[in-house]
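K.L.:
The structure under discussion is supplied below as structure tokens; questions concerning it will follow.
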Amino acid sequence: MQKSEHPGGVQLRNRTTGNYDQRTSSSAQIKHRTTVQQSKSSSLASSPEAARRVHPRPSDKLNPKTINPFGEQSRAPSAFAAIYSKGGIPCRLVHGSVKHRLQWECPPEILPFDPLLITLAEGLRETKHPYTFVSKEGFRELLLVKGAPEKAVPLLPRLSPVLKAALVHPDDEVFERGLSALVQLSAVVGPSLNGHLKLLLTSLSKRLTDKKFKEPITSALQKLEQHGGSGSLIVIKSKIPTYCSICC
């Protein structure tokens, strides 16, 4: 082999054949590859796909293919949802053709109210199905069992803050479920609830300014007075002076 310089690199002459084999120099090859890589990177950076990654469109949040399961939108389940999924609530939702119902794993009469009734009350703040139905209907049905007053009264100091959390919730449907549960509880425990009404009525006085809630709140206050007697009226008037007693 004889080597000779060539503008494009190095030529090697084969002494046997007399032909020249041109070899591009290593530096020229590296330079060429670098130029190609830079060109590809530039084209990718300017592509629409890259632009969407840098500046995602609002619609991408609704596209399952663009959702990151480990992102902010993937939140841990609530305490009630976690308990329900693990079988901590001894009932399940049964879908009917007309309406849904609960199927209890055992007669609710034999179930302890502590902590089941409190757990169901905490579930009133849920905003997703089936937790909304299970908590609302489960709370109602549990209060209908024989011996409910004796089981519920000792829990009032713990139930009242939980119900208040539903009554101050910004979601209107959560508030309505909390209001309904409050009336159901008052029908069961009667005057025993009077000592906790101050805590619960603060949120009602604020919601009265909303016209759509004026009628249901007034109706609830009348039932609280009916179930709680004259003692409840004193508390109601102290928190909501504009309330008119059903005895007037």
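Labels used: A, B, ... for chains in the order of the structure tokens, numbers from 1 for residues in each chain, and numbers from 1 for ligands as shown.
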Please report as a Markdown table every residue of stretch 152-191 of chain A lying within 10 Å of stretch 98-116 of chain A, along with the nearest atom pair and their distance in Å (one decimal), using only C-alpha atoms.

P.N.:
```
| residue | atom | partner | partner_atom | distance |
| --- | --- | --- | --- | --- |
| A:Ala152 | CA | A:Phe113 | CA | 6.9 |
| A:Pro154 | CA | A:Asp114 | CA | 9.4 |
| A:Leu155 | CA | A:Asp114 | CA | 7.5 |
| A:Arg158 | CA | A:Pro115 | CA | 9.9 |
```

K.L.:
Considering only C-alpha atoms, give me a table of residues in stretch 127-185 of chain A that are at most 12 Å from stretch 75-94 of chain A, with the closest atom pair and distance in Å for each, as a tab-separated table.

P.N.:
```
residue	atom	partner	partner_atom	distance
A:Thr127	CA	A:Ser78	CA	10.5
A:Lys128	CA	A:Ala81	CA	9.4
A:His129	CA	A:Leu93	CA	10.0
A:Pro130	CA	A:Leu93	CA	7.2
A:Tyr131	CA	A:Ala81	CA	6.8
A:Thr132	CA	A:Ala81	CA	10.1
A:Phe133	CA	A:Leu93	CA	8.0
A:Val134	CA	A:Leu93	CA	6.7
A:Ser135	CA	A:Phe80	CA	8.8
A:Lys136	CA	A:Leu93	CA	11.7
A:Glu137	CA	A:Leu93	CA	9.8
A:Gly138	CA	A:Cys91	CA	8.0
A:Phe139	CA	A:Ile89	CA	11.2
A:Glu141	CA	A:Cys91	CA	11.0
A:Leu142	CA	A:Cys91	CA	11.1
```

K.L.:
Take the residues that were just selected and, keeping all heavy atoms, output them as a compact mmCIF listing (two decimals), in the first residue's frame.

P.N.:
```txt
# COMPACT_ATOMS: atom_id res chain seq x y z
N THR A 127 -67.81 13.81 47.18
CA THR A 127 -68.42 14.41 46.00
C THR A 127 -68.47 13.45 44.81
O THR A 127 -68.86 13.84 43.72
CB THR A 127 -67.65 15.68 45.58
OG1 THR A 127 -66.27 15.34 45.35
CG2 THR A 127 -67.73 16.76 46.66
N LYS A 128 -68.06 12.19 45.03
CA LYS A 128 -68.03 11.22 43.94
C LYS A 128 -68.92 10.03 44.27
O LYS A 128 -69.09 9.65 45.42
CB LYS A 128 -66.60 10.74 43.69
CG LYS A 128 -65.66 11.82 43.17
CD LYS A 128 -64.27 11.27 42.91
CE LYS A 128 -63.33 12.35 42.38
NZ LYS A 128 -61.97 11.82 42.13
N HIS A 129 -69.48 9.46 43.20
CA HIS A 129 -70.29 8.25 43.31
C HIS A 129 -69.34 7.06 43.40
O HIS A 129 -68.31 7.06 42.75
CB HIS A 129 -71.19 8.16 42.08
CG HIS A 129 -72.15 7.02 42.10
ND1 HIS A 129 -73.31 7.04 42.84
CD2 HIS A 129 -72.12 5.82 41.48
CE1 HIS A 129 -73.95 5.90 42.66
NE2 HIS A 129 -73.25 5.15 41.84
N PRO A 130 -69.65 6.02 44.22
CA PRO A 130 -70.88 5.79 44.99
C PRO A 130 -70.82 6.31 46.42
O PRO A 130 -71.74 6.07 47.20
CB PRO A 130 -70.96 4.27 44.99
CG PRO A 130 -69.53 3.84 45.08
CD PRO A 130 -68.76 4.83 44.26
N TYR A 131 -69.72 6.98 46.78
CA TYR A 131 -69.54 7.40 48.18
C TYR A 131 -70.64 8.36 48.64
O TYR A 131 -71.05 8.31 49.80
CB TYR A 131 -68.17 8.04 48.36
CG TYR A 131 -67.05 7.25 47.74
CD1 TYR A 131 -66.18 7.82 46.81
CD2 TYR A 131 -66.86 5.91 48.06
CE1 TYR A 131 -65.16 7.09 46.22
CE2 TYR A 131 -65.84 5.16 47.48
CZ TYR A 131 -64.99 5.77 46.56
OH TYR A 131 -64.00 5.04 45.99
N THR A 132 -71.11 9.21 47.74
CA THR A 132 -72.15 10.17 48.13
C THR A 132 -73.42 9.44 48.54
O THR A 132 -74.04 9.77 49.57
CB THR A 132 -72.46 11.12 46.96
OG1 THR A 132 -72.73 10.33 45.77
CG2 THR A 132 -71.27 12.03 46.67
N PHE A 133 -73.82 8.44 47.76
CA PHE A 133 -75.05 7.71 48.07
C PHE A 133 -74.88 6.82 49.30
O PHE A 133 -75.76 6.77 50.17
CB PHE A 133 -75.47 6.86 46.86
CG PHE A 133 -76.74 6.09 47.08
CD1 PHE A 133 -77.97 6.68 46.87
CD2 PHE A 133 -76.70 4.77 47.52
CE1 PHE A 133 -79.16 5.96 47.09
CE2 PHE A 133 -77.87 4.05 47.74
CZ PHE A 133 -79.10 4.65 47.52
N VAL A 134 -73.77 6.12 49.38
CA VAL A 134 -73.54 5.20 50.49
C VAL A 134 -73.54 5.94 51.82
O VAL A 134 -74.16 5.49 52.80
CB VAL A 134 -72.21 4.45 50.30
CG1 VAL A 134 -71.86 3.63 51.54
CG2 VAL A 134 -72.29 3.52 49.08
N SER A 135 -72.85 7.07 51.89
CA SER A 135 -72.78 7.81 53.15
C SER A 135 -74.13 8.40 53.54
O SER A 135 -74.55 8.29 54.70
CB SER A 135 -71.74 8.93 53.04
OG SER A 135 -72.06 9.83 51.99
N LYS A 136 -74.83 8.98 52.59
CA LYS A 136 -76.13 9.60 52.89
C LYS A 136 -77.16 8.56 53.29
O LYS A 136 -77.84 8.70 54.33
CB LYS A 136 -76.62 10.38 51.68
CG LYS A 136 -77.99 11.01 51.85
CD LYS A 136 -78.45 11.71 50.58
CE LYS A 136 -79.85 12.28 50.74
NZ LYS A 136 -80.30 12.97 49.49
N GLU A 137 -77.31 7.51 52.49
CA GLU A 137 -78.32 6.50 52.76
C GLU A 137 -77.93 5.65 53.97
O GLU A 137 -78.80 5.25 54.77
CB GLU A 137 -78.52 5.62 51.53
CG GLU A 137 -79.66 4.63 51.62
CD GLU A 137 -81.02 5.29 51.75
OE1 GLU A 137 -81.13 6.50 51.46
OE2 GLU A 137 -81.98 4.59 52.15
N GLY A 138 -76.65 5.36 54.12
CA GLY A 138 -76.21 4.58 55.26
C GLY A 138 -76.45 5.30 56.57
O GLY A 138 -76.89 4.70 57.56
N PHE A 139 -76.19 6.61 56.61
CA PHE A 139 -76.44 7.42 57.80
C PHE A 139 -77.93 7.40 58.15
O PHE A 139 -78.31 7.22 59.31
CB PHE A 139 -75.97 8.85 57.56
CG PHE A 139 -75.99 9.73 58.77
CD1 PHE A 139 -74.91 9.78 59.64
CD2 PHE A 139 -77.09 10.53 59.05
CE1 PHE A 139 -74.92 10.60 60.76
CE2 PHE A 139 -77.13 11.34 60.17
CZ PHE A 139 -76.03 11.38 61.03
N GLU A 141 -80.31 5.16 57.23
CA GLU A 141 -80.82 3.85 57.61
C GLU A 141 -80.32 3.42 58.98
O GLU A 141 -81.04 2.74 59.73
CB GLU A 141 -80.42 2.82 56.55
CG GLU A 141 -81.13 3.02 55.21
CD GLU A 141 -80.84 1.91 54.22
OE1 GLU A 141 -80.30 0.86 54.63
OE2 GLU A 141 -81.18 2.08 53.02
N LEU A 142 -79.11 3.80 59.32
CA LEU A 142 -78.58 3.41 60.62
C LEU A 142 -79.35 4.10 61.76
O LEU A 142 -79.56 3.51 62.82
CB LEU A 142 -77.10 3.77 60.70
CG LEU A 142 -76.26 2.98 61.73
CD1 LEU A 142 -76.32 1.49 61.45
CD2 LEU A 142 -74.82 3.46 61.70
```

K.L.:
Return the single residue from A:Asp172, A:Leu124, A:Gly147, A:Leu193 that is closest to A:Lys212, with distances computed using only C-alpha atoms.

P.N.:
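Once distances to A:Lys212 are computed over only C-alpha atoms, the minimum belongs to A:Asp172.
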
K.L.:
List the spatial neighbours of A:Val174 as a ChimeraX atom specification - criterion: any atom at most 10 Å away, only C-alpha atoms, same-chain residues fewer than 2 positions off excluded.

P.N.:
/A:123-127,132,136,165-172,176-180

K.L.:
Restricted to C-alpha atoms, what would the selected residues look like written as a PDB file, in the first residue's frame?

P.N.:
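result.pdb, written as the output of this step:
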```pdb
ATOM      1  CA  GLY A 123     -68.613  10.499  54.083  1.00  0.00           C
ATOM      2  CA  LEU A 124     -71.249  13.206  53.642  1.00  0.00           C
ATOM      3  CA  ARG A 125     -68.427  15.450  52.394  1.00  0.00           C
ATOM      4  CA  GLU A 126     -67.710  13.125  49.485  1.00  0.00           C
ATOM      5  CA  THR A 127     -68.420  14.415  45.996  1.00  0.00           C
ATOM      6  CA  THR A 132     -72.152  10.165  48.126  1.00  0.00           C
ATOM      7  CA  LYS A 136     -76.127   9.597  52.890  1.00  0.00           C
ATOM      8  CA  ALA A 165     -67.713  20.251  58.341  1.00  0.00           C
ATOM      9  CA  ALA A 166     -70.410  19.210  55.846  1.00  0.00           C
ATOM     10  CA  LEU A 167     -72.506  22.307  56.573  1.00  0.00           C
ATOM     11  CA  VAL A 168     -69.604  24.685  55.883  1.00  0.00           C
ATOM     12  CA  HIS A 169     -68.482  22.828  52.755  1.00  0.00           C
ATOM     13  CA  PRO A 170     -68.452  25.030  49.621  1.00  0.00           C
ATOM     14  CA  ASP A 171     -70.166  22.353  47.529  1.00  0.00           C
ATOM     15  CA  ASP A 172     -73.941  22.929  47.575  1.00  0.00           C
ATOM     16  CA  GLU A 176     -77.697  19.775  51.453  1.00  0.00           C
ATOM     17  CA  ARG A 177     -76.660  16.302  52.594  1.00  0.00           C
ATOM     18  CA  GLY A 178     -75.328  17.742  55.826  1.00  0.00           C
ATOM     19  CA  LEU A 179     -78.550  19.655  56.429  1.00  0.00           C
ATOM     20  CA  SER A 180     -80.652  16.550  55.816  1.00  0.00           C
TER      21      SER A 180
END
```

K.L.:
Which residues, written as a list in words, have at least one atom at most 6 Å from stretch 183-190 of chain A, with only C-alpha atoms counted and residues fewer than 4 positions away on the same chain left out?

P.N.:
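Here the qualifying residues turn out to be Pro149, His227 and Gly228 of chain A.
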
K.L.:
Can you tell me how far atom CA of A:Arg207 sits from atom CA of A:Leu182, in Å to one decimal?

P.N.:
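So the two atoms, atom CA of A:Arg207 and atom CA of A:Leu182, lie 15.0 Å apart.
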
K.L.:
Can you measure atom CA of A:Ser232 to atom CA of A:Asn194 for me? One decimal in Å is fine.

P.N.:
5.3 Å

K.L.:
Which residue, A:Pro216, A:Leu197, A:Pro191, A:Thr202, has the smallest gap to A:Ser230 when you use only C-alpha atoms?

P.N.:
A:Pro191

K.L.:
Rank A:His95, A:Lys151, A:Tyr243, A:His196 by their smallest atom-to-atom distance to A:Lys214, using only C-alpha atoms, and report the top residue only.

P.N.:
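Result for the nearest residue to A:Lys214: A:Tyr243.
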
K.L.:
For stretch 203-206 of chain A, please output as a PyMOL selection string all residues within 8 Å (counting only C-alpha atoms; exclusion window: fewer than 3 positions along the same chain).

P.N.:
chain A and resi 164+167-168+200+209+217+239-240

K.L.:
Just give me the gap between atom CA of A:Leu199 and atom CA of A:Leu143 in Å, one decimal is fine.

P.N.:
21.3 Å
